[in-house]
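Okay, so here's the structure we're looking at.
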Amino acid sequence: MSEIPVITIDGPSGAGKGTIARQLADELGFHMLDSGAVYRAAALHALDCGADLDDEASVLDALQSMQARFQPDPEGVQVWLGEQNVTSRLRLETTGNAASRVAVMAAVRESVLDEQRSFRKAPGLVADGRDMGTVVFPDATLKVFLSASRQVRAERRSKQLKEKGIDVTMACLLQEIGARDERDSSREHSPLVAANDALIIDSSDLSIDEVVAQIKSALSTADTPGG
Ligand code: C5P
């Protein structure tokens with residue numbers, strides 16, 4: 001068991017995990033892992049290599065040559081594939097959907113485990129994703145499962161996309177979020193479920209500050225590794 005504290009924040013798309021994780025990491029002075037970016041980078045690289053996203057062997061073959069670099073920045077994370085900065089392509093809805101297709105593959109999940117665990121560095125880590133508390137960091141100091149109603153998540157996603165100049169209809173977003181939820185929750189390997197020992201927070205009617213305050217309060221009473 002590592003002595004370095006980890007706070008995991010899992011939950012469905014659009015629950016606010018990234019925003020909450022970033023604010024929490026800033027306030028605590030911790031590193032941050034956006035594990036969705038790791039799956040998005042894998043999917044993008046597989047697509048760029050011409051892999052068939054429904055064929056595990058084809059995706060795995062493509063991933064052999066993946067050279068990804070993740071560099072934190074105030075907006076989240078900058079991502080390079082080889083020499084190419086792919087950060088804006090990474091955030092496209094189509095890339096999110098491609099990521100959720102490769103994320104059903106056990107061998108793909110296995111192949112990105114070490115990359116994800118390498119983010120655990122002193123003084124601590126805030127990791128957000130779907131299986132951070134259940135699979136990647138089962139010994140986390142504090143596990144949070146963050147949810148919100150589908151409508152609220154679609155509204156938040158629409159706002160985020162609008163800020164980037166991308167216009168998508170609510171009906172389309174609701175449908176995409178529903179399909180992604182279904183795929184993430186029903187997959188055989190590392191499905192999206194709350195860890196038994198997770199603190200469950202429904203953020204539908206809470207502000208970012210209120211969610212962060214709840215997590216910090218739970219952290220102050222959590223057992224710290226080695227403590
Ligand atoms: O969180 P984000 O939308 O960037 O994740 C993209 C996709 O990557 C998710 O829909 C999910 O299928 C997959 N993912 C995963 N496990 C994680 C993080 C993301 O399966 N820990």
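Within each chain, counting starts at residue 1; across the structure tokens, chains are named A, B, ... in the order shown, with ligands numbered 1 upward in that order.
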
- Message: Can you work out which residues are within 6 Å of ligand 1, considering only C-alpha atoms and all ligand atoms, and then hand them over as a list in words?
- Response: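 Checking only C-alpha atoms and all ligand atoms against ligand 1 at 6 Å gives Ser13, Ser35, Gly36, Ala37, Tyr39, Arg40, Gly96, Ala99, Ser100, Ala103, Gly129, Arg130, Asp131, Met132, Arg180 and Asp184 of chain A.
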
- Message: Quick check for you: according to DSSP on this backbone, which residues of chain A are classed as strand (DSSP E)? Reply as a ChimeraX atom specification.
- Response: /A:6-10,31-34,68-73,76-81,84-85,125-129,142-147,199-202

Cut-off 10 Å: closest range 151-214 of chain A/range 105-125 of chain A atom pairs per residue, using only C-alpha atoms, as a Markdown table:
| residue | atom | partner | partner_atom | distance |
| --- | --- | --- | --- | --- |
| A:Arg187 | CA | A:Met105 | CA | 8.9 |
| A:Glu188 | CA | A:Ala106 | CA | 8.5 |
| A:His189 | CA | A:Ala106 | CA | 5.9 |
| A:Ser190 | CA | A:Ala106 | CA | 8.3 |

Output N, CA, C and O atoms of each residue in that selection to a file, as a PDB file, in the first residue's frame.
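And here's again26.pdb as it stands now:
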ATOM      1  N   ARG A 187     -20.860  -2.670 -19.046  1.00  0.00           N
ATOM      2  CA  ARG A 187     -19.734  -3.450 -19.575  1.00  0.00           C
ATOM      3  C   ARG A 187     -19.251  -4.463 -18.529  1.00  0.00           C
ATOM      4  O   ARG A 187     -19.395  -4.259 -17.320  1.00  0.00           O
ATOM      5  N   GLU A 188     -18.630  -5.519 -19.046  1.00  0.00           N
ATOM      6  CA  GLU A 188     -18.207  -6.616 -18.172  1.00  0.00           C
ATOM      7  C   GLU A 188     -17.002  -6.216 -17.315  1.00  0.00           C
ATOM      8  O   GLU A 188     -16.912  -6.551 -16.140  1.00  0.00           O
ATOM      9  N   HIS A 189     -16.058  -5.481 -17.921  1.00  0.00           N
ATOM     10  CA  HIS A 189     -14.821  -5.160 -17.206  1.00  0.00           C
ATOM     11  C   HIS A 189     -14.882  -3.756 -16.610  1.00  0.00           C
ATOM     12  O   HIS A 189     -15.147  -2.789 -17.318  1.00  0.00           O
ATOM     13  N   SER A 190     -14.615  -3.651 -15.324  1.00  0.00           N
ATOM     14  CA  SER A 190     -14.614  -2.354 -14.623  1.00  0.00           C
ATOM     15  C   SER A 190     -15.834  -1.509 -14.943  1.00  0.00           C
ATOM     16  O   SER A 190     -15.694  -0.368 -15.386  1.00  0.00           O
TER      17      SER A 190
END

Sort by chain and increasing residue number a table of all residues of range 111-188 of chain A within 9 Å of range 207-223 of chain A, each with its closest pair of atoms and their distance in Å to one decimal, counting only C-alpha atoms, and write it as a Markdown table.
| residue | atom | partner | partner_atom | distance |
| --- | --- | --- | --- | --- |
| A:Thr141 | CA | A:Asp223 | CA | 6.5 |
| A:Leu142 | CA | A:Leu219 | CA | 6.4 |
| A:Val144 | CA | A:Ile215 | CA | 7.6 |

- Item | Residue list (helix (DSSP H, G or I), DSSP) for range 36-198 of chain A, as an NGL selection string | :A and (36-48 or 56-63 or 87-90 or 93-102 or 106-111 or 113-117 or 132-136 or 150-163 or 170-186)

- Selection: 12 Å around range 92-95 of chain A, only C-alpha atoms, excl. self and same-chain fewer than 4 positions, as number ranges by chain: A: 13-14, 36-48, 53, 86-88, 99-103, 157-158, 160-161, 164-168, 172-173, 176-177, 180

Write the residues of the selection above to a file with C-alpha atoms, as a CSV table (one decimal), in the first residue's frame.
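Listed below is the output, result28.csv:
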chain,number,residue,atom,x,y,z
A,13,SER,CA,-20.2,11.7,-17.8
A,14,GLY,CA,-21.1,15.2,-17.0
A,36,GLY,CA,-10.8,9.8,-19.2
A,37,ALA,CA,-8.1,11.7,-21.1
A,38,VAL,CA,-6.0,8.5,-21.0
A,39,TYR,CA,-8.9,6.5,-22.7
A,40,ARG,CA,-9.5,9.4,-25.1
A,41,ALA,CA,-5.9,9.5,-26.1
A,42,ALA,CA,-5.9,5.7,-26.6
A,43,ALA,CA,-9.0,5.9,-28.8
A,44,LEU,CA,-7.6,8.8,-30.8
A,45,HIS,CA,-4.3,7.0,-31.4
A,46,ALA,CA,-6.2,3.8,-32.5
A,47,LEU,CA,-8.3,5.9,-34.9
A,48,ASP,CA,-5.3,7.7,-36.3
A,53,LEU,CA,-12.6,0.1,-32.8
A,86,VAL,CA,-4.2,16.6,-29.6
A,87,THR,CA,-5.9,18.4,-26.6
A,88,SER,CA,-8.7,20.0,-28.7
A,99,ALA,CA,-13.1,6.2,-25.8
A,100,SER,CA,-16.1,4.5,-24.3
A,101,ARG,CA,-15.9,1.9,-27.1
A,102,VAL,CA,-12.3,1.0,-26.5
A,103,ALA,CA,-12.8,1.2,-22.7
A,157,ARG,CA,-22.3,19.6,-21.1
A,158,SER,CA,-24.2,21.9,-23.4
A,160,GLN,CA,-19.3,23.6,-21.7
A,161,LEU,CA,-19.6,23.0,-25.4
A,164,LYS,CA,-16.0,26.3,-26.9
A,165,GLY,CA,-18.2,27.5,-29.7
A,166,ILE,CA,-19.7,24.1,-30.3
A,167,ASP,CA,-23.5,23.9,-30.7
A,168,VAL,CA,-25.2,20.6,-30.0
A,172,CYS,CA,-28.7,14.9,-29.1
A,173,LEU,CA,-26.7,15.3,-25.9
A,176,GLU,CA,-25.4,10.5,-26.3
A,177,ILE,CA,-25.1,10.7,-22.5
A,180,ARG,CA,-22.5,6.4,-22.9

- Message: Would you pick out the contacts of Arg156 in chain A at 12 Å or less, using only C-alpha atoms, so that residues sharing its chain but fewer than 4 positions from it are not included, and give the list as a list in words?
- Response: Ser13, Gly14, Ala15, Gly16, Lys17, Thr19, Ala148, Ser149, Arg150, Gln151, Val152, Gln160, Leu161, Lys162, Glu163, Met170, Leu173, Leu174, Ile177, Ser203 and Ser204 of chain A

Could you write those residues out with N, CA, C and O atoms, as a PDB file, in the first residue's frame?
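Output file out11.pdb is given in full below:
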ATOM      1  N   SER A  13     -20.558  10.471 -17.040  1.00  0.00           N
ATOM      2  CA  SER A  13     -20.173  11.665 -17.814  1.00  0.00           C
ATOM      3  C   SER A  13     -21.005  12.863 -17.414  1.00  0.00           C
ATOM      4  O   SER A  13     -22.222  12.745 -17.269  1.00  0.00           O
ATOM      5  N   GLY A  14     -20.351  13.989 -17.254  1.00  0.00           N
ATOM      6  CA  GLY A  14     -21.070  15.236 -17.018  1.00  0.00           C
ATOM      7  C   GLY A  14     -21.501  15.447 -15.570  1.00  0.00           C
ATOM      8  O   GLY A  14     -22.216  16.397 -15.273  1.00  0.00           O
ATOM      9  N   ALA A  15     -21.046  14.600 -14.646  1.00  0.00           N
ATOM     10  CA  ALA A  15     -21.435  14.776 -13.241  1.00  0.00           C
ATOM     11  C   ALA A  15     -20.625  15.902 -12.595  1.00  0.00           C
ATOM     12  O   ALA A  15     -20.912  16.300 -11.465  1.00  0.00           O
ATOM     13  N   GLY A  16     -19.608  16.386 -13.297  1.00  0.00           N
ATOM     14  CA  GLY A  16     -18.791  17.486 -12.764  1.00  0.00           C
ATOM     15  C   GLY A  16     -17.488  17.001 -12.152  1.00  0.00           C
ATOM     16  O   GLY A  16     -16.811  17.754 -11.454  1.00  0.00           O
ATOM     17  N   LYS A  17     -17.129  15.754 -12.425  1.00  0.00           N
ATOM     18  CA  LYS A  17     -15.924  15.168 -11.811  1.00  0.00           C
ATOM     19  C   LYS A  17     -14.671  15.984 -12.104  1.00  0.00           C
ATOM     20  O   LYS A  17     -13.887  16.253 -11.204  1.00  0.00           O
ATOM     21  N   THR A  19     -14.227  19.172 -13.013  1.00  0.00           N
ATOM     22  CA  THR A  19     -14.209  20.492 -12.365  1.00  0.00           C
ATOM     23  C   THR A  19     -13.932  20.349 -10.870  1.00  0.00           C
ATOM     24  O   THR A  19     -13.104  21.067 -10.299  1.00  0.00           O
ATOM     25  N   ALA A 148     -25.319  12.973 -10.874  1.00  0.00           N
ATOM     26  CA  ALA A 148     -26.256  14.090 -11.083  1.00  0.00           C
ATOM     27  C   ALA A 148     -27.290  13.554 -12.061  1.00  0.00           C
ATOM     28  O   ALA A 148     -27.009  12.595 -12.799  1.00  0.00           O
ATOM     29  N   SER A 149     -28.463  14.175 -12.074  1.00  0.00           N
ATOM     30  CA  SER A 149     -29.504  13.681 -12.980  1.00  0.00           C
ATOM     31  C   SER A 149     -29.030  13.825 -14.431  1.00  0.00           C
ATOM     32  O   SER A 149     -28.173  14.659 -14.736  1.00  0.00           O
ATOM     33  N   ARG A 150     -29.598  13.012 -15.309  1.00  0.00           N
ATOM     34  CA  ARG A 150     -29.190  13.033 -16.713  1.00  0.00           C
ATOM     35  C   ARG A 150     -29.444  14.407 -17.346  1.00  0.00           C
ATOM     36  O   ARG A 150     -28.635  14.919 -18.103  1.00  0.00           O
ATOM     37  N   GLN A 151     -30.587  15.011 -16.980  1.00  0.00           N
ATOM     38  CA  GLN A 151     -30.941  16.335 -17.522  1.00  0.00           C
ATOM     39  C   GLN A 151     -29.888  17.378 -17.112  1.00  0.00           C
ATOM     40  O   GLN A 151     -29.398  18.144 -17.943  1.00  0.00           O
ATOM     41  N   VAL A 152     -29.539  17.379 -15.833  1.00  0.00           N
ATOM     42  CA  VAL A 152     -28.544  18.350 -15.336  1.00  0.00           C
ATOM     43  C   VAL A 152     -27.198  18.123 -16.027  1.00  0.00           C
ATOM     44  O   VAL A 152     -26.517  19.071 -16.433  1.00  0.00           O
ATOM     45  N   GLN A 160     -20.735  23.797 -21.437  1.00  0.00           N
ATOM     46  CA  GLN A 160     -19.287  23.643 -21.683  1.00  0.00           C
ATOM     47  C   GLN A 160     -18.987  23.718 -23.175  1.00  0.00           C
ATOM     48  O   GLN A 160     -18.053  24.386 -23.602  1.00  0.00           O
ATOM     49  N   LEU A 161     -19.798  23.014 -23.973  1.00  0.00           N
ATOM     50  CA  LEU A 161     -19.559  22.978 -25.414  1.00  0.00           C
ATOM     51  C   LEU A 161     -19.793  24.345 -26.043  1.00  0.00           C
ATOM     52  O   LEU A 161     -19.042  24.774 -26.917  1.00  0.00           O
ATOM     53  N   LYS A 162     -20.854  25.034 -25.568  1.00  0.00           N
ATOM     54  CA  LYS A 162     -21.159  26.378 -26.094  1.00  0.00           C
ATOM     55  C   LYS A 162     -19.981  27.313 -25.859  1.00  0.00           C
ATOM     56  O   LYS A 162     -19.626  28.124 -26.715  1.00  0.00           O
ATOM     57  N   GLU A 163     -19.366  27.209 -24.663  1.00  0.00           N
ATOM     58  CA  GLU A 163     -18.217  28.054 -24.338  1.00  0.00           C
ATOM     59  C   GLU A 163     -17.071  27.831 -25.323  1.00  0.00           C
ATOM     60  O   GLU A 163     -16.231  28.685 -25.526  1.00  0.00           O
ATOM     61  N   MET A 170     -29.963  19.711 -27.204  1.00  0.00           N
ATOM     62  CA  MET A 170     -30.144  18.983 -25.941  1.00  0.00           C
ATOM     63  C   MET A 170     -30.567  17.543 -26.219  1.00  0.00           C
ATOM     64  O   MET A 170     -30.112  16.615 -25.550  1.00  0.00           O
ATOM     65  N   LEU A 173     -27.595  15.565 -27.044  1.00  0.00           N
ATOM     66  CA  LEU A 173     -26.735  15.348 -25.877  1.00  0.00           C
ATOM     67  C   LEU A 173     -27.332  14.316 -24.924  1.00  0.00           C
ATOM     68  O   LEU A 173     -26.628  13.447 -24.412  1.00  0.00           O
ATOM     69  N   LEU A 174     -28.665  14.431 -24.699  1.00  0.00           N
ATOM     70  CA  LEU A 174     -29.333  13.484 -23.800  1.00  0.00           C
ATOM     71  C   LEU A 174     -29.185  12.064 -24.329  1.00  0.00           C
ATOM     72  O   LEU A 174     -28.929  11.124 -23.567  1.00  0.00           O
ATOM     73  N   ILE A 177     -25.468  10.966 -23.905  1.00  0.00           N
ATOM     74  CA  ILE A 177     -25.132  10.696 -22.500  1.00  0.00           C
ATOM     75  C   ILE A 177     -25.785   9.376 -22.064  1.00  0.00           C
ATOM     76  O   ILE A 177     -25.169   8.553 -21.379  1.00  0.00           O
ATOM     77  N   SER A 203     -24.771  15.723  -7.173  1.00  0.00           N
ATOM     78  CA  SER A 203     -24.416  17.139  -7.328  1.00  0.00           C
ATOM     79  C   SER A 203     -25.480  17.947  -8.077  1.00  0.00           C
ATOM     80  O   SER A 203     -25.255  19.121  -8.358  1.00  0.00           O
ATOM     81  N   SER A 204     -26.651  17.316  -8.376  1.00  0.00           N
ATOM     82  CA  SER A 204     -27.664  18.015  -9.195  1.00  0.00           C
ATOM     83  C   SER A 204     -27.980  19.409  -8.675  1.00  0.00           C
ATOM     84  O   SER A 204     -28.083  20.352  -9.445  1.00  0.00           O
TER      85      SER A 204
END
